[in-house]
Amino acid sequence: MKKLGKMGAVLALTLTVMMLGACGNNGGGNTAANETGKAAEASGNGGTKTEAKDITLGFSQVGAESGWRSANTKSIQDSAKEAGITLKFSDAQQKQENQIKALRSFIQQKVDVIAFSPVVESGWDTVLKEAKDAGIPVVLTDRAVDSKDTSLYVTFLGSDFVEEGRKAGQWLSEQYKDASEDINIVELQGTTGSAPANDRMSGFAEVIAGNPHLKMIASQSGDFTRAKGKEVMQAFLKANKDIDVLYAHNDDMALGAIQAIEAAGLKPGEDIRIISVDAVKDGMQAASEGKINFIVECNPLLGPQLMQVVQDVVDGKQVEARIVTEESTFTSEQAKEALPNRQY
Ligand code: GYE
């Protein structure tokens, strides 16, 4: 992932604050920042706190493709309400063109901050430049963009997807460390071109390369949905006699694939071992029943952190250029224990 260095972050924030001052739609905050043209210190005593009710956040969501996404949307909506921040929420139905339209509409409406979870990594420079020219700071949540110019956004708040892929690969490598025969793996990728699909693929590939018996025999997108996960798994089963392992980039695709595996008369978790990512309730339920063997957690509850970042950005405080969410992993046994307390 691209990271802004400390200096870059300070520069980006300074520009942001200067621009905020220029467009003057942030409820009259940032007096100190406006006068000096510098970001207020993290201690906050140099900046004026803008009242949450005077902040409008435009948020462009990917869609409603998975259990993870629904939990993420709820977290953002609930947290905005709790913080008292006005939220303009837009659902892009997994289409980049819809997200670009939503961002342009937020710019037109002169929201104070734009946040969005980019459906794919590429193709954002033009619209991000438009936001920058309008003096509206942009916060990336959940998914990253591949823009070379990191001054186009203030921070990226979300998981380390490469690390998630590595965790999946490490568990598998450990399971098959003494294998003397080839282990055939199939992979259900997330949405083509999305950061989690690209990164979960590369992190996993990097680790399994360490064991020559771990063979990826098929890999295709299931678009992060149950329906597509089922459909692609059916095709995998048709084309390949001997599948040992399924690695699905999210629980929903794994759950769809489980239906296909059962329909083919095989036992998920036994005949085909399954690894997935997310750890939403339905995934954890399947894991506790032994149908999914290992889940790498990806936390969707980004709302509270996002609202804090929005408030800080408006107040001219310094924010980290990269905020990584903390996550763990679950075996079937651990899933059984954790399930009763799972919030999403
Ligand atoms: O894993 C998947 C969702 O971007 C982390 O998107 C998110 C992914 C999540 O559709 O279920």
# chains A, B, ... in the order shown; residues from 1 in each chain; ligands from 1
>>> residues_near_ligand(ligand="ligand 1", cutoff="8 Å", atoms="only C-alpha atoms and all ligand atoms", output="number ranges by chain")
A: 64-69, 117, 119, 142-143, 158-159, 161, 190-191, 194-196, 223-225, 249-252, 277-278, 298-300
>>> write_last_selection(atoms="N, CA and C atoms", output="tab-separated table (two decimals), in the first residue's frame")
chain	number	residue	atom	x	y	z
A	64	ALA	N	-24.35	-3.42	-1.34
A	64	ALA	CA	-24.90	-4.23	-0.25
A	64	ALA	C	-24.62	-5.70	-0.58
A	65	GLU	N	-23.37	-5.97	-1.04
A	65	GLU	CA	-23.05	-7.27	-1.60
A	65	GLU	C	-22.86	-8.39	-0.58
A	66	SER	N	-22.61	-8.03	0.68
A	66	SER	CA	-22.25	-9.08	1.65
A	66	SER	C	-22.70	-8.72	3.06
A	67	GLY	N	-22.63	-9.71	3.94
A	67	GLY	CA	-22.94	-9.47	5.35
A	67	GLY	C	-22.00	-8.43	5.94
A	68	TRP	N	-20.74	-8.49	5.51
A	68	TRP	CA	-19.74	-7.52	5.97
A	68	TRP	C	-20.20	-6.11	5.63
A	69	ARG	N	-20.66	-5.95	4.37
A	69	ARG	CA	-21.05	-4.61	3.91
A	69	ARG	C	-22.23	-4.08	4.69
A	117	SER	N	-15.71	4.21	0.16
A	117	SER	CA	-15.05	2.92	0.09
A	117	SER	C	-15.00	2.56	-1.39
A	119	VAL	N	-14.98	1.01	-4.86
A	119	VAL	CA	-15.29	-0.35	-5.30
A	119	VAL	C	-14.08	-1.02	-5.95
A	142	ASP	N	-12.13	1.57	4.42
A	142	ASP	CA	-12.21	0.16	4.05
A	142	ASP	C	-11.30	-0.21	2.88
A	143	ARG	N	-11.47	0.43	1.71
A	143	ARG	CA	-10.67	0.04	0.53
A	143	ARG	C	-9.81	1.21	0.05
A	158	GLY	N	-8.70	1.44	7.44
A	158	GLY	CA	-9.22	0.12	7.10
A	158	GLY	C	-8.21	-0.98	7.37
A	159	SER	N	-8.56	-2.18	6.92
A	159	SER	CA	-7.75	-3.36	7.22
A	159	SER	C	-6.52	-3.45	6.32
A	161	PHE	N	-5.28	-5.84	3.94
A	161	PHE	CA	-5.78	-7.02	3.22
A	161	PHE	C	-4.67	-7.99	2.82
A	190	GLY	N	-12.59	-11.88	-4.66
A	190	GLY	CA	-13.60	-10.82	-4.51
A	190	GLY	C	-13.74	-10.07	-5.82
A	191	THR	N	-14.46	-8.95	-5.77
A	191	THR	CA	-14.71	-8.13	-6.96
A	191	THR	C	-13.43	-7.80	-7.72
A	194	SER	N	-10.75	-4.85	-7.10
A	194	SER	CA	-10.92	-4.22	-5.78
A	194	SER	C	-9.68	-4.48	-4.94
A	195	ALA	N	-9.41	-3.57	-4.01
A	195	ALA	CA	-8.24	-3.73	-3.14
A	195	ALA	C	-8.27	-5.05	-2.36
A	196	PRO	N	-9.40	-5.43	-1.74
A	196	PRO	CA	-9.36	-6.68	-0.98
A	196	PRO	C	-9.12	-7.91	-1.86
A	223	ASP	N	-17.26	-12.09	-7.08
A	223	ASP	CA	-17.83	-10.75	-6.84
A	223	ASP	C	-18.27	-10.50	-5.39
A	224	PHE	N	-17.76	-11.27	-4.46
A	224	PHE	CA	-18.07	-11.10	-3.03
A	224	PHE	C	-19.52	-11.47	-2.68
A	225	THR	N	-20.26	-12.12	-3.60
A	225	THR	CA	-21.66	-12.45	-3.28
A	225	THR	C	-21.87	-13.96	-3.13
A	249	HIS	N	-12.42	-15.30	-0.68
A	249	HIS	CA	-12.04	-13.98	-0.17
A	249	HIS	C	-13.07	-13.37	0.78
A	250	ASN	N	-14.25	-13.97	0.90
A	250	ASN	CA	-15.16	-13.56	1.98
A	250	ASN	C	-16.11	-14.69	2.36
A	251	ASP	N	-16.79	-14.51	3.51
A	251	ASP	CA	-17.68	-15.55	4.03
A	251	ASP	C	-18.84	-15.81	3.08
A	252	ASP	N	-19.40	-14.73	2.51
A	252	ASP	CA	-20.58	-14.91	1.66
A	252	ASP	C	-20.29	-15.85	0.49
A	277	VAL	N	-12.63	-15.20	4.68
A	277	VAL	CA	-12.26	-13.94	5.33
A	277	VAL	C	-13.55	-13.19	5.69
A	278	ASP	N	-13.55	-12.48	6.77
A	278	ASP	CA	-14.61	-11.59	7.30
A	278	ASP	C	-14.97	-11.95	8.75
A	298	CYS	N	-12.10	-9.73	9.41
A	298	CYS	CA	-11.98	-8.40	8.82
A	298	CYS	C	-13.08	-7.56	9.47
A	299	ASN	N	-12.70	-6.56	10.22
A	299	ASN	CA	-13.66	-5.84	11.04
A	299	ASN	C	-14.43	-4.76	10.26
A	300	PRO	N	-15.76	-4.88	10.16
A	300	PRO	CA	-16.53	-3.87	9.42
A	300	PRO	C	-16.95	-2.65	10.26
>>> select_by_dssp(residues="region 100-334 of chain A", states="strand (DSSP E or B)", output="number ranges by chain")
A: 113-116, 138-141, 155-158, 183-189, 214-221, 245-248, 268, 272-278, 294-297, 322-324, 329-331
>>> write_last_selection(atoms="N, CA and C atoms", output="compact mmCIF listing (two decimals), in the first residue's frame")
# COMPACT_ATOMS: atom_id res chain seq x y z
N VAL A 113 -16.79 17.04 4.44
CA VAL A 113 -15.84 15.95 4.22
C VAL A 113 -16.51 14.90 3.35
N ILE A 114 -15.73 14.29 2.46
CA ILE A 114 -16.23 13.16 1.68
C ILE A 114 -15.50 11.92 2.17
N ALA A 115 -16.24 10.85 2.42
CA ALA A 115 -15.59 9.56 2.72
C ALA A 115 -16.16 8.56 1.74
N PHE A 116 -15.35 7.62 1.32
CA PHE A 116 -15.90 6.56 0.47
C PHE A 116 -15.04 5.33 0.50
N VAL A 138 -10.91 14.33 1.54
CA VAL A 138 -11.46 13.00 1.28
C VAL A 138 -10.79 11.98 2.21
N VAL A 139 -11.64 11.14 2.82
CA VAL A 139 -11.15 10.05 3.68
C VAL A 139 -11.50 8.73 3.00
N LEU A 140 -10.51 7.88 2.79
CA LEU A 140 -10.78 6.55 2.24
C LEU A 140 -11.11 5.64 3.41
N THR A 141 -12.24 4.91 3.31
CA THR A 141 -12.51 3.92 4.35
C THR A 141 -12.60 2.55 3.72
N THR A 155 -6.45 10.42 4.58
CA THR A 155 -6.04 9.19 5.26
C THR A 155 -6.77 8.00 4.67
N PHE A 156 -6.26 6.83 4.96
CA PHE A 156 -6.95 5.59 4.58
C PHE A 156 -7.15 4.78 5.85
N LEU A 157 -8.43 4.59 6.19
CA LEU A 157 -8.81 3.88 7.41
C LEU A 157 -9.37 2.51 7.02
N GLY A 158 -8.70 1.44 7.44
CA GLY A 158 -9.22 0.12 7.10
C GLY A 158 -8.21 -0.98 7.37
N ILE A 183 -1.57 -30.69 -3.02
CA ILE A 183 -2.84 -30.25 -2.45
C ILE A 183 -3.44 -29.25 -3.43
N ASN A 184 -4.61 -29.60 -3.97
CA ASN A 184 -5.22 -28.74 -5.00
C ASN A 184 -6.12 -27.68 -4.38
N ILE A 185 -5.80 -26.44 -4.67
CA ILE A 185 -6.55 -25.32 -4.08
C ILE A 185 -7.34 -24.60 -5.17
N VAL A 186 -8.58 -24.22 -4.86
CA VAL A 186 -9.31 -23.30 -5.74
C VAL A 186 -9.57 -22.02 -4.96
N GLU A 187 -9.67 -20.92 -5.69
CA GLU A 187 -9.81 -19.62 -5.03
C GLU A 187 -11.01 -18.87 -5.58
N LEU A 188 -11.85 -18.35 -4.69
CA LEU A 188 -12.94 -17.46 -5.10
C LEU A 188 -12.50 -16.05 -4.76
N GLN A 189 -12.19 -15.28 -5.80
CA GLN A 189 -11.72 -13.92 -5.60
C GLN A 189 -12.89 -12.97 -5.36
N LEU A 214 1.55 -27.05 -2.35
CA LEU A 214 0.30 -26.27 -2.37
C LEU A 214 0.11 -25.68 -3.76
N LYS A 215 -0.86 -26.23 -4.49
CA LYS A 215 -1.04 -25.88 -5.91
C LYS A 215 -2.36 -25.15 -6.12
N MET A 216 -2.29 -23.94 -6.67
CA MET A 216 -3.53 -23.22 -7.02
C MET A 216 -3.96 -23.72 -8.40
N ILE A 217 -5.10 -24.43 -8.46
CA ILE A 217 -5.49 -25.01 -9.76
C ILE A 217 -6.56 -24.19 -10.47
N ALA A 218 -7.28 -23.33 -9.73
CA ALA A 218 -8.28 -22.46 -10.39
C ALA A 218 -8.55 -21.26 -9.51
N SER A 219 -8.73 -20.10 -10.13
CA SER A 219 -8.98 -18.88 -9.36
C SER A 219 -9.86 -17.95 -10.20
N GLN A 220 -11.00 -17.58 -9.64
CA GLN A 220 -11.95 -16.77 -10.42
C GLN A 220 -12.76 -15.87 -9.49
N SER A 221 -13.28 -14.78 -10.04
CA SER A 221 -14.05 -13.85 -9.20
C SER A 221 -15.46 -14.37 -8.92
N VAL A 245 -8.91 -27.95 -1.28
CA VAL A 245 -9.07 -26.74 -0.45
C VAL A 245 -9.76 -25.64 -1.25
N LEU A 246 -10.67 -24.91 -0.57
CA LEU A 246 -11.23 -23.69 -1.16
C LEU A 246 -10.77 -22.50 -0.31
N TYR A 247 -10.22 -21.50 -0.96
CA TYR A 247 -9.90 -20.23 -0.30
C TYR A 247 -10.85 -19.20 -0.87
N ALA A 248 -11.78 -18.69 -0.05
CA ALA A 248 -12.75 -17.69 -0.51
C ALA A 248 -12.40 -16.35 0.12
N PRO A 268 -18.51 -30.18 3.04
CA PRO A 268 -17.66 -29.00 3.21
C PRO A 268 -16.93 -29.07 4.55
N ILE A 272 -13.64 -31.09 1.29
CA ILE A 272 -12.96 -29.88 0.82
C ILE A 272 -12.81 -28.97 2.04
N ARG A 273 -11.58 -28.64 2.36
CA ARG A 273 -11.36 -27.75 3.51
C ARG A 273 -11.54 -26.32 3.04
N ILE A 274 -12.12 -25.51 3.92
CA ILE A 274 -12.49 -24.15 3.48
C ILE A 274 -11.89 -23.07 4.39
N ILE A 275 -11.31 -22.08 3.75
CA ILE A 275 -10.78 -20.90 4.45
C ILE A 275 -11.54 -19.70 3.90
N SER A 276 -11.96 -18.78 4.78
CA SER A 276 -12.57 -17.56 4.25
C SER A 276 -12.13 -16.36 5.07
N VAL A 277 -12.63 -15.20 4.68
CA VAL A 277 -12.26 -13.94 5.33
C VAL A 277 -13.55 -13.19 5.69
N ASP A 278 -13.55 -12.48 6.77
CA ASP A 278 -14.61 -11.59 7.30
C ASP A 278 -14.97 -11.95 8.75
N PHE A 294 -11.35 -22.36 8.74
CA PHE A 294 -10.56 -21.25 9.27
C PHE A 294 -11.07 -19.93 8.69
N ILE A 295 -11.27 -18.94 9.57
CA ILE A 295 -11.72 -17.62 9.10
C ILE A 295 -10.75 -16.55 9.57
N VAL A 296 -10.35 -15.70 8.65
CA VAL A 296 -9.53 -14.54 8.99
C VAL A 296 -10.49 -13.38 9.20
N GLU A 297 -10.39 -12.74 10.34
CA GLU A 297 -11.33 -11.66 10.65
C GLU A 297 -11.03 -10.38 9.87
N ARG A 322 -2.34 6.59 7.66
CA ARG A 322 -2.86 5.24 7.50
C ARG A 322 -3.32 4.75 8.86
N ILE A 323 -4.59 4.36 8.95
CA ILE A 323 -5.11 3.85 10.23
C ILE A 323 -5.55 2.41 9.98
N VAL A 324 -4.84 1.47 10.61
CA VAL A 324 -5.11 0.04 10.35
C VAL A 324 -5.99 -0.53 11.46
N THR A 329 -8.05 -14.14 14.06
CA THR A 329 -8.47 -15.28 13.21
C THR A 329 -9.26 -16.28 14.06
N PHE A 330 -10.02 -17.16 13.41
CA PHE A 330 -10.82 -18.16 14.14
C PHE A 330 -10.74 -19.54 13.50
N THR A 331 -10.41 -20.55 14.31
CA THR A 331 -10.60 -21.93 13.87
C THR A 331 -12.05 -22.29 14.19
>>> residues_around(residues="Gln61 (chain A)", least_positions_apart="3", cutoff="8 Å", atoms="only C-alpha atoms", output="CSV table (one decimal) with C-alpha atoms, in the first residue's frame")
chain,number,residue,atom,x,y,z
A,73,THR,CA,-23.2,0.5,6.5
A,89,PHE,CA,-25.3,8.3,2.3
A,90,SER,CA,-25.2,6.9,-1.2
A,91,ASP,CA,-25.2,3.2,-2.3
A,92,ALA,CA,-23.2,2.6,-5.5
A,99,GLN,CA,-19.6,6.3,-7.0
A,116,PHE,CA,-15.9,6.6,0.5
A,117,SER,CA,-15.1,2.9,0.1
A,118,PRO,CA,-13.8,2.7,-3.5
>>> residues_around(residues="region 170-174 of chain A", least_positions_apart="4", cutoff="8 Å", atoms="only C-alpha atoms", output="PyMOL selection string")
chain A and resi 166+204+207-208+211+214+294
>>> write_last_selection(atoms="C-alpha atoms", output="compact mmCIF listing (two decimals), in the first residue's frame")
# COMPACT_ATOMS: atom_id res chain seq x y z
CA ARG A 166 -1.00 -14.07 4.50
CA PHE A 204 -1.99 -15.76 0.14
CA VAL A 207 2.90 -17.50 1.65
CA ILE A 208 1.84 -20.69 -0.16
CA ASN A 211 5.36 -25.05 0.01
CA LEU A 214 0.30 -26.27 -2.37
CA PHE A 294 -10.56 -21.25 9.27
>>> closest_residue(among="A:Gly193, A:Pro137, A:Gly210, A:Pro340", to="Ser288 (chain A)", atoms="only C-alpha atoms")
A:Pro340
>>> residues_around(residues="Asp146 (chain A)", least_positions_apart="3", cutoff="10 Å", atoms="only C-alpha atoms", output="PyMOL selection string")
chain A and resi 1-2+120-125+149-150+195
>>> write_last_selection(atoms="C-alpha atoms", output="PDB file, in the first residue's frame")
ATOM      1  CA  MET A   1       0.000   0.000   0.000  1.00  0.00           C
ATOM      2  CA  LYS A   2       1.121   3.481  -0.664  1.00  0.00           C
ATOM      3  CA  VAL A 120     -12.093  -0.778  -7.361  1.00  0.00           C
ATOM      4  CA  GLU A 121      -8.580   0.598  -6.875  1.00  0.00           C
ATOM      5  CA  SER A 122      -7.987   2.408 -10.180  1.00  0.00           C
ATOM      6  CA  GLY A 123      -9.498   5.371 -11.970  1.00  0.00           C
ATOM      7  CA  TRP A 124     -10.062   7.906  -9.201  1.00  0.00           C
ATOM      8  CA  ASP A 125      -7.550  10.663  -9.933  1.00  0.00           C
ATOM      9  CA  ASP A 149      -0.733  11.442  -5.737  1.00  0.00           C
ATOM     10  CA  THR A 150      -1.405  10.691  -2.085  1.00  0.00           C
ATOM     11  CA  ALA A 195      -8.243  -3.727  -3.144  1.00  0.00           C
TER      12      ALA A 195
END
>>> select_by_dssp(residues="region 136-218 of chain A", states="helix (DSSP H, G or I)", output="PyMOL selection string")
chain A and resi 150-152+161-175+195-208
>>> write_last_selection(atoms="C-alpha atoms", output="PDB file, in the first residue's frame")
ATOM      1  CA  THR A 150      -1.405  10.691  -2.085  1.00  0.00           C
ATOM      2  CA  SER A 151      -2.292  14.326  -1.386  1.00  0.00           C
ATOM      3  CA  LEU A 152      -5.656  13.534  -3.024  1.00  0.00           C
ATOM      4  CA  PHE A 161      -5.784  -7.022   3.219  1.00  0.00           C
ATOM      5  CA  VAL A 162      -2.358  -8.380   2.244  1.00  0.00           C
ATOM      6  CA  GLU A 163      -1.866  -9.415   5.855  1.00  0.00           C
ATOM      7  CA  GLU A 164      -5.294 -11.112   5.833  1.00  0.00           C
ATOM      8  CA  GLY A 165      -4.235 -13.132   2.772  1.00  0.00           C
ATOM      9  CA  ARG A 166      -0.996 -14.068   4.502  1.00  0.00           C
ATOM     10  CA  LYS A 167      -2.849 -15.250   7.622  1.00  0.00           C
ATOM     11  CA  ALA A 168      -5.010 -17.506   5.430  1.00  0.00           C
ATOM     12  CA  GLY A 169      -1.900 -18.855   3.695  1.00  0.00           C
ATOM     13  CA  GLN A 170      -0.030 -19.398   6.951  1.00  0.00           C
ATOM     14  CA  TRP A 171      -2.816 -21.495   8.426  1.00  0.00           C
ATOM     15  CA  LEU A 172      -2.968 -23.620   5.285  1.00  0.00           C
ATOM     16  CA  SER A 173       0.800 -24.055   5.101  1.00  0.00           C
ATOM     17  CA  GLU A 174       0.813 -25.186   8.713  1.00  0.00           C
ATOM     18  CA  GLN A 175      -1.947 -27.754   8.017  1.00  0.00           C
ATOM     19  CA  ALA A 195      -8.243  -3.727  -3.144  1.00  0.00           C
ATOM     20  CA  PRO A 196      -9.361  -6.684  -0.979  1.00  0.00           C
ATOM     21  CA  ALA A 197      -9.391  -9.044  -3.983  1.00  0.00           C
ATOM     22  CA  ASN A 198      -5.969  -7.918  -5.217  1.00  0.00           C
ATOM     23  CA  ASP A 199      -4.379  -7.963  -1.784  1.00  0.00           C
ATOM     24  CA  ARG A 200      -5.953 -11.125  -0.374  1.00  0.00           C
ATOM     25  CA  MET A 201      -4.817 -12.890  -3.516  1.00  0.00           C
ATOM     26  CA  SER A 202      -1.227 -11.634  -3.325  1.00  0.00           C
ATOM     27  CA  GLY A 203      -0.760 -12.160   0.442  1.00  0.00           C
ATOM     28  CA  PHE A 204      -1.992 -15.759   0.142  1.00  0.00           C
ATOM     29  CA  ALA A 205       0.082 -16.489  -2.975  1.00  0.00           C
ATOM     30  CA  GLU A 206       3.209 -15.110  -1.302  1.00  0.00           C
ATOM     31  CA  VAL A 207       2.897 -17.503   1.648  1.00  0.00           C
ATOM     32  CA  ILE A 208       1.840 -20.688  -0.158  1.00  0.00           C
TER      33      ILE A 208
END
>>> atom_distance(atom1="CA of Gln77 (chain A)", atom2="CA of Gln308 (chain A)")
13.7 Å
>>> atom_distance(atom1="CA of Glu82 (chain A)", atom2="CA of Glu320 (chain A)")
23.1 Å
>>> residues_around(residues="Thr126 (chain A)", least_positions_apart="5", cutoff="10 Å", atoms="only C-alpha atoms", output="list of chain:residue names")
A:Ile100, A:Ala131, A:Lys132, A:Ser147, A:Leu152
>>> write_last_selection(atoms="C-alpha atoms", output="tab-separated table (two decimals), in the first residue's frame")
chain	number	residue	atom	x	y	z
A	100	ILE	CA	-18.05	8.94	-9.24
A	131	ALA	CA	-12.71	17.35	-4.64
A	132	LYS	CA	-9.28	18.74	-3.86
A	147	SER	CA	-3.54	7.02	-7.08
A	152	LEU	CA	-5.66	13.53	-3.02
>>> atom_distance(atom1="CA of Ser60 (chain A)", atom2="CA of Lys281 (chain A)")
24.7 Å
>>> residues_around(residues="Gly269 (chain A)", least_positions_apart="5", cutoff="8 Å", atoms="only C-alpha atoms", output="PyMOL selection string")
chain A and resi 274+290-293
